[in-house]
>>> print(open('entry19.tsv').read())   # TSV, C-alpha atoms
chain	number	residue	atom	x	y	z
A	142	MET	CA	-31.13	75.63	-0.54
A	143	ALA	CA	-34.70	76.68	-1.19
A	144	GLU	CA	-37.43	74.13	-1.69
A	145	LEU	CA	-39.02	74.31	-5.12
A	146	VAL	CA	-42.57	75.56	-4.93
A	147	LEU	CA	-44.44	74.29	-7.97
A	148	PRO	CA	-45.02	75.45	-10.56
A	149	VAL	CA	-41.56	76.93	-11.22
A	150	LEU	CA	-41.41	79.45	-14.04
A	151	VAL	CA	-38.49	79.75	-16.45
A	152	PHE	CA	-38.10	82.81	-18.68
A	153	PHE	CA	-35.99	82.96	-21.82
A	154	GLY	CA	-34.77	86.03	-23.68
A	155	CYS	CA	-33.87	85.63	-27.36
A	156	TYR	CA	-32.33	87.56	-30.20
A	157	SER	CA	-34.95	88.49	-32.77
A	158	VAL	CA	-35.73	86.31	-35.77
A	159	PRO	CA	-38.62	86.81	-38.24
A	160	ASP	CA	-42.10	85.84	-37.05
A	161	GLN	CA	-40.98	84.88	-33.54
A	162	HIS	CA	-41.49	86.28	-30.06
A	163	GLU	CA	-38.40	87.29	-28.09
A	164	ILE	CA	-39.41	86.52	-24.48
A	165	PHE	CA	-40.81	83.11	-23.60
A	166	CYS	CA	-42.25	81.80	-20.34
A	167	TYR	CA	-42.20	78.07	-19.57
A	168	ARG	CA	-43.45	76.05	-16.63
A	169	PHE	CA	-40.80	73.67	-15.27
A	170	ASP	CA	-41.86	70.56	-13.36
A	171	PRO	CA	-38.82	68.81	-11.82
A	172	SER	CA	-40.87	65.76	-10.87
A	173	THR	CA	-41.58	64.98	-14.52
A	174	GLN	CA	-38.55	66.82	-15.93
A	175	SER	CA	-40.77	68.77	-18.30
A	176	LEU	CA	-40.73	72.29	-19.71
A	177	THR	CA	-44.09	73.52	-20.98
A	178	ARG	CA	-44.48	76.80	-22.82
A	179	ILE	CA	-47.27	78.91	-21.32
A	180	ASN	CA	-46.74	82.45	-22.64
A	181	SER	CA	-44.58	84.88	-24.60
A	182	ALA	CA	-44.02	88.58	-25.27
A	183	ASP	CA	-42.47	90.70	-28.00
A	184	LEU	CA	-39.34	92.80	-27.55
A	185	GLN	CA	-36.60	93.16	-30.14
A	186	ASN	CA	-33.36	91.45	-29.11
A	187	ALA	CA	-34.42	90.73	-25.53
A	188	SER	CA	-30.93	89.69	-24.50
A	189	TYR	CA	-31.29	89.88	-20.71
A	190	LEU	CA	-34.16	89.72	-18.24
A	191	THR	CA	-34.68	90.34	-14.54
A	192	ILE	CA	-37.73	89.86	-12.32
A	193	SER	CA	-38.80	91.80	-9.24
A	194	ALA	CA	-38.58	89.94	-5.94
A	195	ASP	CA	-42.37	89.91	-5.56
A	196	GLY	CA	-42.87	88.51	-9.07
A	197	LYS	CA	-45.07	91.40	-10.17
A	198	TYR	CA	-42.76	92.86	-12.81
A	199	LEU	CA	-40.31	91.71	-15.47
A	200	TYR	CA	-37.71	93.98	-17.02
A	201	ALA	CA	-35.82	93.33	-20.24
A	202	VAL	CA	-33.18	95.12	-22.29
A	203	SER	CA	-33.63	95.59	-26.02
A	204	GLU	CA	-30.12	95.22	-27.42
A	205	VAL	CA	-30.31	97.50	-30.45
A	206	GLY	CA	-28.07	100.17	-31.93
A	207	LYS	CA	-30.75	102.80	-32.50
A	208	TYR	CA	-33.94	103.69	-30.64
A	209	GLU	CA	-36.19	106.66	-31.29
A	210	GLY	CA	-33.67	108.13	-33.71
A	211	GLU	CA	-30.65	108.17	-31.41
A	212	SER	CA	-27.72	105.86	-30.83
A	213	SER	CA	-29.40	104.00	-28.00
A	214	GLY	CA	-30.75	100.75	-26.77
A	215	ALA	CA	-33.97	100.44	-24.82
A	216	VAL	CA	-35.30	98.84	-21.66
A	217	ALA	CA	-38.87	97.62	-21.18
A	218	ALA	CA	-41.05	97.07	-18.13
A	219	PHE	CA	-43.77	94.39	-18.11
A	220	SER	CA	-46.39	93.56	-15.53
A	221	LEU	CA	-46.19	89.84	-14.78
A	222	ASP	CA	-48.86	87.33	-13.82
A	223	THR	CA	-46.98	84.38	-12.33
A	224	ALA	CA	-50.09	82.18	-12.44
A	225	THR	CA	-50.28	82.34	-16.23
A	226	GLY	CA	-46.87	83.67	-17.24
A	227	SER	CA	-48.62	86.58	-18.96
A	228	MET	CA	-46.42	89.63	-19.60
A	229	LYS	CA	-48.07	92.99	-20.36
A	230	LEU	CA	-45.91	95.86	-21.57
A	231	LEU	CA	-46.04	98.85	-19.21
A	232	ASN	CA	-43.58	101.09	-21.02
A	233	LYS	CA	-40.26	101.22	-22.83
A	234	VAL	CA	-37.61	103.93	-22.51
A	235	ALA	CA	-34.29	104.81	-24.12
A	236	THR	CA	-31.04	103.89	-22.38
A	237	HIS	CA	-29.17	106.70	-24.22
A	238	ALA	CA	-26.34	104.28	-25.04
A	239	ALA	CA	-26.33	101.58	-27.72
A	240	GLY	CA	-26.18	97.83	-27.24
A	241	SER	CA	-28.03	97.49	-23.93
A	242	CYS	CA	-27.08	93.97	-22.86
A	243	HIS	CA	-27.64	93.42	-19.13
A	244	LEU	CA	-29.65	94.81	-16.23
A	245	THR	CA	-30.22	94.40	-12.52
A	246	LEU	CA	-32.96	95.60	-10.18
A	247	SER	CA	-32.36	96.96	-6.68
A	248	HIS	CA	-33.59	94.79	-3.82
A	249	ASP	CA	-36.38	97.25	-3.02
A	250	GLY	CA	-37.46	97.34	-6.67
A	251	LYS	CA	-37.04	101.12	-6.93
A	252	THR	CA	-33.93	101.39	-9.13
A	253	LEU	CA	-32.95	99.61	-12.36
A	254	ILE	CA	-29.38	99.58	-13.69
A	255	VAL	CA	-28.62	98.79	-17.34
A	256	ALA	CA	-25.20	98.01	-18.85
A	257	ASN	CA	-24.74	99.15	-22.45
A	258	TYR	CA	-22.03	97.27	-24.32
A	259	SER	CA	-21.65	99.25	-27.55
A	260	GLY	CA	-22.24	102.57	-25.82
A	261	GLY	CA	-19.74	101.89	-23.03
A	262	ALA	CA	-22.08	103.25	-20.38
A	263	ALA	CA	-24.37	102.38	-17.48
A	264	SER	CA	-27.91	103.83	-17.35
A	265	ILE	CA	-29.88	104.20	-14.12
A	266	PHE	CA	-33.68	104.36	-13.96
A	267	PRO	CA	-36.05	105.13	-11.08
A	268	VAL	CA	-38.97	102.68	-10.98
A	269	LYS	CA	-42.48	104.02	-10.45
A	270	GLU	CA	-44.97	102.58	-7.97
A	271	ASP	CA	-46.79	100.77	-10.80
A	272	GLY	CA	-43.56	99.08	-11.96
A	273	SER	CA	-43.07	101.26	-15.03
A	274	LEU	CA	-39.83	103.13	-15.65
A	275	GLU	CA	-39.07	106.81	-15.43
A	276	GLU	CA	-36.60	108.35	-17.87
A	277	ALA	CA	-32.94	107.72	-17.05
A	278	SER	CA	-31.81	109.67	-13.99
A	279	GLN	CA	-28.12	109.00	-14.72
A	280	VAL	CA	-26.01	107.83	-17.65
A	281	LEU	CA	-22.45	107.01	-16.61
A	282	ARG	CA	-20.13	107.05	-19.64
A	283	TYR	CA	-16.76	105.35	-19.32
A	284	GLU	CA	-13.39	106.11	-20.89
A	285	GLY	CA	-10.31	104.10	-21.77
A	286	LYS	CA	-9.34	100.97	-23.66
A	287	GLY	CA	-7.44	97.71	-23.27
A	288	PRO	CA	-4.77	95.77	-25.16
A	289	TYR	CA	-6.94	93.05	-26.75
A	290	PRO	CA	-7.12	93.77	-30.52
A	291	GLY	CA	-10.57	94.36	-31.95
A	292	ARG	CA	-12.43	94.02	-28.63
A	293	GLN	CA	-10.93	96.65	-26.36
A	294	ASP	CA	-10.69	99.73	-28.56
A	295	ARG	CA	-13.13	101.52	-26.24
A	296	PRO	CA	-15.23	100.88	-23.12
A	297	HIS	CA	-17.78	98.05	-23.24
A	298	ALA	CA	-19.95	97.94	-20.12
A	299	HIS	CA	-21.09	94.31	-20.07
A	300	SER	CA	-23.07	93.76	-16.87
A	301	ALA	CA	-24.39	95.25	-13.65
A	302	PHE	CA	-24.65	93.37	-10.35
A	303	LEU	CA	-25.46	94.15	-6.72
A	304	ASP	CA	-23.78	92.77	-3.61
A	305	PRO	CA	-25.91	90.57	-1.32
A	306	SER	CA	-26.79	93.52	0.93
A	307	GLY	CA	-28.09	95.53	-2.02
A	308	GLN	CA	-26.07	98.59	-0.96
A	309	PHE	CA	-23.36	98.41	-3.63
A	310	ALA	CA	-23.33	98.05	-7.42
A	311	TYR	CA	-20.64	96.82	-9.80
A	312	ILE	CA	-20.32	97.43	-13.54
A	313	GLN	CA	-18.06	95.03	-15.45
A	314	ASP	CA	-16.32	96.86	-18.33
A	315	LEU	CA	-14.87	94.41	-20.82
A	316	GLY	CA	-13.23	97.15	-22.87
A	317	THR	CA	-11.10	98.67	-20.11
A	318	ASP	CA	-10.50	95.59	-17.91
A	319	LYS	CA	-12.13	97.38	-14.98
A	320	VAL	CA	-14.92	96.69	-12.51
A	321	MET	CA	-16.55	99.97	-11.49
A	322	GLN	CA	-17.69	100.16	-7.85
A	323	TYR	CA	-20.61	102.24	-6.56
A	324	ALA	CA	-22.84	102.90	-3.60
A	325	LEU	CA	-26.50	102.57	-4.60
A	326	THR	CA	-29.13	105.07	-3.57
A	327	THR	CA	-32.60	105.39	-5.06
A	328	GLY	CA	-32.15	106.29	-8.71
A	329	LYS	CA	-28.43	107.05	-8.43
A	330	LEU	CA	-24.96	105.50	-8.22
A	331	GLU	CA	-22.12	107.16	-6.28
A	332	PRO	CA	-18.48	106.02	-6.85
A	333	LEU	CA	-16.82	104.34	-3.89
A	334	ALA	CA	-13.57	105.62	-2.39
A	335	THR	CA	-11.89	103.11	-4.68
A	336	PRO	CA	-13.96	103.74	-7.81
A	337	SER	CA	-12.74	100.67	-9.72
A	338	ILE	CA	-10.54	97.61	-9.60
A	339	SER	CA	-8.55	96.26	-12.53
A	340	MET	CA	-8.34	92.78	-13.94
A	341	LYS	CA	-5.28	91.50	-15.80
A	342	PRO	CA	-4.70	93.50	-19.02
A	343	GLY	CA	-6.68	91.86	-21.82
A	344	ALA	CA	-8.84	89.82	-19.43
A	345	GLY	CA	-12.15	91.40	-20.39
A	346	PRO	CA	-14.39	91.17	-17.29
A	347	ARG	CA	-17.92	90.14	-18.34
A	348	HIS	CA	-20.13	88.93	-15.44
A	349	LEU	CA	-19.87	88.51	-11.68
A	350	VAL	CA	-21.38	86.28	-9.00
A	351	PHE	CA	-21.30	86.67	-5.22
A	352	HIS	CA	-20.86	83.71	-2.90
A	353	PRO	CA	-24.05	83.12	-0.87
A	354	THR	CA	-22.25	83.05	2.52
A	355	LEU	CA	-18.60	84.06	2.10
A	356	PRO	CA	-17.60	87.73	1.57
A	357	MET	CA	-16.35	87.06	-1.94
A	358	ALA	CA	-17.25	87.60	-5.57
A	359	TYR	CA	-16.08	85.74	-8.67
A	360	ILE	CA	-15.59	87.61	-11.94
A	361	ILE	CA	-15.64	85.76	-15.25
A	362	ASN	CA	-13.25	87.24	-17.81
A	363	GLU	CA	-14.41	86.75	-21.38
A	364	LEU	CA	-11.21	87.37	-23.33
A	365	ASP	CA	-8.53	85.47	-21.41
A	366	ASN	CA	-10.94	82.70	-20.29
A	367	THR	CA	-10.42	82.97	-16.55
A	368	VAL	CA	-12.37	83.35	-13.32
A	369	THR	CA	-10.95	85.81	-10.76
A	370	ARG	CA	-11.81	85.43	-7.09
A	371	THR	CA	-12.17	88.73	-5.22
A	372	ASP	CA	-12.55	89.55	-1.54
A	373	LEU	CA	-15.45	91.81	-0.52
A	374	ASP	CA	-15.24	94.37	2.26
A	375	ILE	CA	-18.85	94.22	3.44
A	376	THR	CA	-18.54	97.62	5.14
A	377	THR	CA	-17.13	99.68	2.27
A	378	GLY	CA	-18.33	97.52	-0.63
A	379	GLU	CA	-14.85	97.44	-2.15
A	380	LEU	CA	-13.53	94.36	-3.94
A	381	THR	CA	-9.90	93.21	-3.93
A	382	ALA	CA	-8.74	90.87	-6.68
A	383	ALA	CA	-7.10	87.63	-5.55
A	384	GLU	CA	-6.16	84.59	-7.66
A	385	SER	CA	-7.47	83.61	-11.10
A	386	TYR	CA	-8.38	80.21	-12.55
A	387	PRO	CA	-8.44	79.05	-16.19
A	388	THR	CA	-11.76	77.89	-17.65
A	389	LEU	CA	-10.25	75.91	-20.56
A	390	PRO	CA	-8.03	72.82	-20.81
A	391	GLU	CA	-4.34	73.61	-21.28
A	392	ASP	CA	-4.25	71.74	-24.61
A	393	PHE	CA	-7.27	73.54	-26.11
A	394	THR	CA	-6.01	75.99	-28.75
A	395	ALA	CA	-9.14	76.86	-30.77
A	396	LYS	CA	-10.97	80.15	-30.28
A	397	SER	CA	-13.21	80.27	-27.21
A	398	THR	CA	-14.62	82.98	-24.93
A	399	THR	CA	-16.35	82.69	-21.59
A	400	ALA	CA	-19.91	83.91	-21.04
A	401	ASP	CA	-21.78	83.18	-17.81
A	402	ILE	CA	-20.99	82.24	-14.19
A	403	HIS	CA	-23.13	80.95	-11.31
A	404	ILE	CA	-22.80	79.31	-7.88
A	405	THR	CA	-25.12	76.69	-6.42
A	406	PRO	CA	-27.37	78.01	-3.61
A	407	ASP	CA	-25.44	75.99	-1.01
A	408	GLY	CA	-22.18	77.66	-2.06
A	409	LYS	CA	-20.41	74.37	-2.84
A	410	TYR	CA	-19.95	74.59	-6.61
A	411	LEU	CA	-19.21	77.20	-9.25
A	412	TYR	CA	-19.86	76.80	-12.96
A	413	ALA	CA	-18.59	78.85	-15.92
A	414	SER	CA	-19.61	78.60	-19.57
A	415	ASN	CA	-17.19	78.42	-22.51
A	416	ARG	CA	-18.29	79.45	-26.01
A	417	GLY	CA	-16.12	77.68	-28.58
A	418	HIS	CA	-15.11	74.85	-26.28
A	419	ASP	CA	-18.90	74.69	-25.75
A	420	SER	CA	-18.77	73.40	-22.20
A	421	LEU	CA	-19.50	74.17	-18.59
A	422	ALA	CA	-16.41	74.17	-16.38
A	423	ALA	CA	-17.17	73.01	-12.82
A	424	TYR	CA	-15.25	73.89	-9.65
A	425	ALA	CA	-15.57	73.02	-5.97
A	426	ILE	CA	-15.47	76.03	-3.63
A	427	ASP	CA	-13.51	75.76	-0.40
A	428	SER	CA	-15.96	76.54	2.40
A	429	GLU	CA	-13.42	78.64	4.32
A	430	THR	CA	-11.07	80.24	1.79
A	431	GLY	CA	-13.38	80.41	-1.21
A	432	LYS	CA	-10.61	79.05	-3.43
A	433	LEU	CA	-11.59	76.90	-6.39
A	434	THR	CA	-10.64	73.33	-7.22
A	435	PHE	CA	-11.36	72.20	-10.76
A	436	ILE	CA	-13.79	69.27	-11.12
A	437	ASP	CA	-14.34	68.71	-14.85
A	438	TYR	CA	-15.77	69.95	-18.15
A	439	THR	CA	-19.22	69.00	-19.38
A	440	PRO	CA	-20.11	69.37	-23.08
A	441	VAL	CA	-23.32	71.39	-23.34
A	442	GLY	CA	-24.73	69.51	-26.34
A	443	GLY	CA	-24.67	72.43	-28.77
A	444	LYS	CA	-23.03	75.69	-29.78
A	445	THR	CA	-22.43	78.85	-27.79
A	446	PRO	CA	-23.67	78.49	-24.20
A	447	ARG	CA	-24.42	82.20	-23.78
A	448	SER	CA	-26.37	81.95	-20.53
A	449	PHE	CA	-27.33	79.37	-17.92
A	450	ALA	CA	-29.26	79.31	-14.67
A	451	ILE	CA	-29.34	77.07	-11.60
A	452	SER	CA	-32.71	76.12	-10.14
A	453	PRO	CA	-33.54	77.52	-6.67
A	454	ASP	CA	-33.10	74.06	-5.11
A	455	GLY	CA	-29.65	73.70	-6.69
A	456	LYS	CA	-30.50	70.46	-8.51
A	457	VAL	CA	-30.79	71.53	-12.16
A	458	ILE	CA	-28.94	73.74	-14.64
A	459	ILE	CA	-30.65	75.06	-17.78
A	460	VAL	CA	-28.33	76.24	-20.58
A	461	THR	CA	-29.17	78.44	-23.58
A	462	LEU	CA	-27.33	77.56	-26.79
A	463	GLN	CA	-27.41	80.70	-28.89
A	464	ASP	CA	-26.04	79.29	-32.15
A	465	SER	CA	-27.91	75.98	-31.91
A	466	SER	CA	-31.26	77.70	-31.20
A	467	ALA	CA	-31.75	75.20	-28.41
A	468	VAL	CA	-31.86	74.71	-24.65
A	469	THR	CA	-30.27	71.82	-22.74
A	470	THR	CA	-30.74	70.77	-19.13
A	471	PHE	CA	-28.45	69.04	-16.63
A	472	ALA	CA	-28.83	67.47	-13.21
A	473	ILE	CA	-26.27	68.48	-10.56
A	474	ASP	CA	-24.77	65.72	-8.43
A	475	SER	CA	-24.79	67.34	-4.98
A	476	ALA	CA	-22.00	65.04	-3.74
A	477	THR	CA	-19.53	65.69	-6.58
A	478	GLY	CA	-20.71	68.78	-8.48
A	479	LYS	CA	-20.64	66.81	-11.73
A	480	LEU	CA	-23.37	67.26	-14.31
A	481	LYS	CA	-25.54	64.73	-16.13
A	482	GLN	CA	-27.55	65.75	-19.17
A	483	LEU	CA	-31.27	65.15	-18.80
A	484	ASP	CA	-33.70	64.09	-21.51
A	485	LEU	CA	-35.12	67.57	-21.31
A	486	GLY	CA	-34.49	70.17	-23.97
A	487	LEU	CA	-36.29	72.34	-26.43
A	488	GLU	CA	-35.85	74.47	-29.51
A	489	LEU	CA	-35.92	78.25	-29.14
A	490	PRO	CA	-34.87	80.98	-31.59
A	491	ARG	CA	-31.34	82.12	-30.63
A	492	PRO	CA	-31.80	82.01	-26.83
A	493	VAL	CA	-29.34	84.18	-24.92
A	494	CYS	CA	-30.78	84.51	-21.41
A	495	VAL	CA	-32.53	82.17	-18.97
A	496	ARG	CA	-33.99	83.10	-15.57
A	497	PHE	CA	-35.80	80.99	-12.97
A	498	PHE	CA	-38.59	82.37	-10.85
>>> encode(input="entry19.tsv", output="structure tokens")
Amino acid sequence: MAELVLPVLVFFGCYSVPDQHEIFCYRFDPSTQSLTRINSADLQNASYLTISADGKYLYAVSEVGKYEGESSGAVAAFSLDTATGSMKLLNKVATHAAGSCHLTLSHDGKTLIVANYSGGAASIFPVKEDGSLEEASQVLRYEGKGPYPGRQDRPHAHSAFLDPSGQFAYIQDLGTDKVMQYALTTGKLEPLATPSISMKPGAGPRHLVFHPTLPMAYIINELDNTVTRTDLDITTGELTAAESYPTLPEDFTAKSTTADIHITPDGKYLYASNRGHDSLAAYAIDSETGKLTFIDYTPVGGKTPRSFAISPDGKVIIVTLQDSSAVTTFAIDSATGKLKQLDLGLELPRPVCVRFF
């Protein structure tokens, strides 16, 4: 696990409310367990953020239904000063598909991929030398549907992730129960020999996380509240679905959907968030097989844990509570994987994304 180099910055993306900013930058000091706001920026419905590896640029989706007169979301590029947390808008471009909800940046910083939920598409953008975005070089529009009533009537691209090597990209489509698989080149995605893998009908794949050392990825399925382990062929980039694990107690019958998934930097523990049950489910990861063993559930202290992030040293989890307009923080017990809520929290307007840098 990486040592924390102070100060650590934490960025939050929020859904828009009147007279509020939508992106906030805080300084996190683990020695005093404090979060101090140092800057902010405006972007309507900034529902997901990503930061370049060198810390010079921040990118954010604007999850809207219309932009510049078309059915489209938008994506914005900001220059970033990590000393002050200052974010200066470079430019904003259309995604050409509505409901832009997630994005990822290539390891070399030259290509940005955006998932568009309402539009059922993935948009690809070349990145200029100054960090600003060119117009979309590709818009991949998906087809199909799934059996879940009201949520799978059409494609819903929910997220975009890269494998650890940065050579392959994966788009999770909640609407069709598929994970699309691509080779990544500058400004373009090319389908793999196996262009997609399927989850269980009605599962609704949402996000994905790769294990830091094992050739495996874990997909969180929003609609059937499960995590599916997959095996990764590091040569071809293809995933193969293995076993799935429930994220809810057997006796829980109220409505709940999963949201986010992360693994500690040492690869020992996996966490998944439940919206409705309003908890983080914790699992131990077998160091050889990658199989999961359930540990316990931790109440998150509010409603709708949309997003969470693990600190680079693997000691702290910060959780955004969308419908409580709050943030809660937990310490990770490295020996057991269990969580303990810290006396560290804050109010934010409808937070839906948190990112450490």
>>> atom_distance(input="entry19.tsv", atom1="atom CA of A:Met340", atom2="atom CA of A:Ala395")
23.2 Å
>>> closest_residue(input="entry19.tsv", among="A:Gln313, A:Thr177, A:Thr461, A:Thr225", to="A:Phe153", atoms="all atoms listed in the file")
A:Thr461
>>> residues_around(input="entry19.tsv", residues="stretch 398-413 of chain A", least_positions_apart="2", cutoff="9 Å", atoms="only C-alpha atoms", output="PyMOL selection string")
chain A and resi 142-143+347-355+359-368+388+396+415-418+420-428+433+445-456+475+477-478
>>> write_last_selection(input="entry19.tsv", atoms="C-alpha atoms", output="short mmCIF file (atom, residue, chain, number, x, y, z; two decimals), in the coordinates of the input")
data_model
loop_
_atom_site.label_atom_id
_atom_site.label_comp_id
_atom_site.auth_asym_id
_atom_site.auth_seq_id
_atom_site.Cartn_x
_atom_site.Cartn_y
_atom_site.Cartn_z
CA MET A 142 -31.13 75.63 -0.54
CA ALA A 143 -34.70 76.68 -1.19
CA ARG A 347 -17.92 90.14 -18.34
CA HIS A 348 -20.13 88.93 -15.44
CA LEU A 349 -19.87 88.51 -11.68
CA VAL A 350 -21.38 86.28 -9.00
CA PHE A 351 -21.30 86.67 -5.22
CA HIS A 352 -20.86 83.71 -2.90
CA PRO A 353 -24.05 83.12 -0.87
CA THR A 354 -22.25 83.05 2.52
CA LEU A 355 -18.60 84.06 2.10
CA TYR A 359 -16.08 85.74 -8.67
CA ILE A 360 -15.59 87.61 -11.94
CA ILE A 361 -15.64 85.76 -15.25
CA ASN A 362 -13.25 87.24 -17.81
CA GLU A 363 -14.41 86.75 -21.38
CA LEU A 364 -11.21 87.37 -23.33
CA ASP A 365 -8.53 85.47 -21.41
CA ASN A 366 -10.94 82.70 -20.29
CA THR A 367 -10.42 82.97 -16.55
CA VAL A 368 -12.37 83.35 -13.32
CA THR A 388 -11.76 77.89 -17.65
CA LYS A 396 -10.97 80.15 -30.28
CA ASN A 415 -17.19 78.42 -22.51
CA ARG A 416 -18.29 79.45 -26.01
CA GLY A 417 -16.12 77.68 -28.58
CA HIS A 418 -15.11 74.85 -26.28
CA SER A 420 -18.77 73.40 -22.20
CA LEU A 421 -19.50 74.17 -18.59
CA ALA A 422 -16.41 74.17 -16.38
CA ALA A 423 -17.17 73.01 -12.82
CA TYR A 424 -15.25 73.89 -9.65
CA ALA A 425 -15.57 73.02 -5.97
CA ILE A 426 -15.47 76.03 -3.63
CA ASP A 427 -13.51 75.76 -0.40
CA SER A 428 -15.96 76.54 2.40
CA LEU A 433 -11.59 76.90 -6.39
CA THR A 445 -22.43 78.85 -27.79
CA PRO A 446 -23.67 78.49 -24.20
CA ARG A 447 -24.42 82.20 -23.78
CA SER A 448 -26.37 81.95 -20.53
CA PHE A 449 -27.33 79.37 -17.92
CA ALA A 450 -29.26 79.31 -14.67
CA ILE A 451 -29.34 77.07 -11.60
CA SER A 452 -32.71 76.12 -10.14
CA PRO A 453 -33.54 77.52 -6.67
CA ASP A 454 -33.10 74.06 -5.11
CA GLY A 455 -29.65 73.70 -6.69
CA LYS A 456 -30.50 70.46 -8.51
CA SER A 475 -24.79 67.34 -4.98
CA THR A 477 -19.53 65.69 -6.58
CA GLY A 478 -20.71 68.78 -8.48
#
>>> residues_near_point(input="entry19.tsv", point="(-18.6, 91.0, -1.7)", cutoff="7 Å", atoms="all atoms listed in the file", output="ChimeraX atom specification")
/A:304,351,356-358,372-375,378,380
>>> closest_residue(input="entry19.tsv", among="A:Leu303, A:Ala382, A:Val149, A:Ala476", to="A:Thr326", atoms="only C-alpha atoms")
A:Leu303
>>> atom_distance(input="entry19.tsv", atom1="atom CA of A:Glu331", atom2="atom CA of A:Phe309")
9.2 Å
>>> atom_distance(input="entry19.tsv", atom1="atom CA of A:Gly240", atom2="atom CA of A:Gly260")
6.3 Å
>>> closest_residue(input="entry19.tsv", among="A:Pro171, A:Pro288, A:Pro387, A:Gly443", to="A:Leu487", atoms="only C-alpha atoms")
A:Gly443
>>> closest_residue(input="entry19.tsv", among="A:Pro290, A:Pro267, A:Gly285, A:Gly196", to="A:Gly328", atoms="all atoms listed in the file")
A:Pro267
>>> closest_residue(input="entry19.tsv", among="A:Ala344, A:Val457, A:Gln322, A:Pro296", to="A:Ser172", atoms="only C-alpha atoms")
A:Val457
>>> closest_residue(input="entry19.tsv", among="A:Arg491, A:Lys233, A:Arg496, A:Lys207", to="A:Tyr156", atoms="all atoms listed in the file")
A:Arg491
>>> residues_near_point(input="entry19.tsv", point="(-16.3, 100.4, -13.2)", cutoff="8 Å", atoms="all atoms listed in the file", output="PyMOL selection string")
chain A and resi 283+311-314+319-322+336-338
>>> residues_around(input="entry19.tsv", residues="A:Leu199", least_positions_apart="4", cutoff="6 Å", atoms="only C-alpha atoms", output="PyMOL selection string")
chain A and resi 191-192+219
>>> residues_around(input="entry19.tsv", residues="A:Gly214", least_positions_apart="5", cutoff="7 Å", atoms="all atoms listed in the file", output="list in words")
Ser203, Glu204, Val205, Gly206, Lys207, Tyr208, Ala235, Thr236, His237, Ala238, Ala239, Gly240 and Ser241 of chain A
>>> write_last_selection(input="entry19.tsv", atoms="C-alpha atoms", output="PDB file, keeping the file's coordinate frame")
ATOM      1  CA  SER A 203     -33.630  95.590 -26.020  1.00  0.00           C
ATOM      2  CA  GLU A 204     -30.120  95.220 -27.420  1.00  0.00           C
ATOM      3  CA  VAL A 205     -30.310  97.500 -30.450  1.00  0.00           C
ATOM      4  CA  GLY A 206     -28.070 100.170 -31.930  1.00  0.00           C
ATOM      5  CA  LYS A 207     -30.750 102.800 -32.500  1.00  0.00           C
ATOM      6  CA  TYR A 208     -33.940 103.690 -30.640  1.00  0.00           C
ATOM      7  CA  ALA A 235     -34.290 104.810 -24.120  1.00  0.00           C
ATOM      8  CA  THR A 236     -31.040 103.890 -22.380  1.00  0.00           C
ATOM      9  CA  HIS A 237     -29.170 106.700 -24.220  1.00  0.00           C
ATOM     10  CA  ALA A 238     -26.340 104.280 -25.040  1.00  0.00           C
ATOM     11  CA  ALA A 239     -26.330 101.580 -27.720  1.00  0.00           C
ATOM     12  CA  GLY A 240     -26.180  97.830 -27.240  1.00  0.00           C
ATOM     13  CA  SER A 241     -28.030  97.490 -23.930  1.00  0.00           C
TER      14      SER A 241
END
>>> residues_around(input="entry19.tsv", residues="A:Asp195", least_positions_apart="4", cutoff="12 Å", atoms="all atoms listed in the file", output="NGL selection string")
:A and (191 or 199 or 220-223 or 246 or 248-250 or 272 or 498)
>>> build_atoms(input="entry19.tsv", residues="stretch 202-208 of chain A", atoms="N, CA, C and O atoms", output="PDB file, in the frame of the given file")
ATOM      1  N   VAL A 202     -33.868  94.193 -21.387  1.00  0.00           N
ATOM      2  CA  VAL A 202     -33.180  95.120 -22.290  1.00  0.00           C
ATOM      3  C   VAL A 202     -33.529  94.760 -23.724  1.00  0.00           C
ATOM      4  O   VAL A 202     -33.810  93.602 -24.048  1.00  0.00           O
ATOM      5  N   SER A 203     -33.515  95.772 -24.578  1.00  0.00           N
ATOM      6  CA  SER A 203     -33.630  95.590 -26.020  1.00  0.00           C
ATOM      7  C   SER A 203     -32.287  95.996 -26.613  1.00  0.00           C
ATOM      8  O   SER A 203     -31.956  97.190 -26.677  1.00  0.00           O
ATOM      9  N   GLU A 204     -31.504  94.990 -26.997  1.00  0.00           N
ATOM     10  CA  GLU A 204     -30.120  95.220 -27.420  1.00  0.00           C
ATOM     11  C   GLU A 204     -30.091  95.651 -28.890  1.00  0.00           C
ATOM     12  O   GLU A 204     -29.898  94.841 -29.793  1.00  0.00           O
ATOM     13  N   VAL A 205     -30.295  96.934 -29.102  1.00  0.00           N
ATOM     14  CA  VAL A 205     -30.310  97.500 -30.450  1.00  0.00           C
ATOM     15  C   VAL A 205     -29.335  98.665 -30.512  1.00  0.00           C
ATOM     16  O   VAL A 205     -28.883  99.180 -29.484  1.00  0.00           O
ATOM     17  N   GLY A 206     -29.004  99.075 -31.743  1.00  0.00           N
ATOM     18  CA  GLY A 206     -28.070 100.170 -31.930  1.00  0.00           C
ATOM     19  C   GLY A 206     -28.725 101.524 -31.992  1.00  0.00           C
ATOM     20  O   GLY A 206     -28.094 102.544 -31.674  1.00  0.00           O
ATOM     21  N   LYS A 207     -30.024 101.538 -32.405  1.00  0.00           N
ATOM     22  CA  LYS A 207     -30.750 102.800 -32.500  1.00  0.00           C
ATOM     23  C   LYS A 207     -32.148 102.643 -31.921  1.00  0.00           C
ATOM     24  O   LYS A 207     -32.804 101.625 -32.125  1.00  0.00           O
ATOM     25  N   TYR A 208     -32.587 103.662 -31.198  1.00  0.00           N
ATOM     26  CA  TYR A 208     -33.940 103.690 -30.640  1.00  0.00           C
ATOM     27  C   TYR A 208     -34.425 105.123 -30.633  1.00  0.00           C
ATOM     28  O   TYR A 208     -33.720 106.016 -30.163  1.00  0.00           O
TER      29      TYR A 208
END
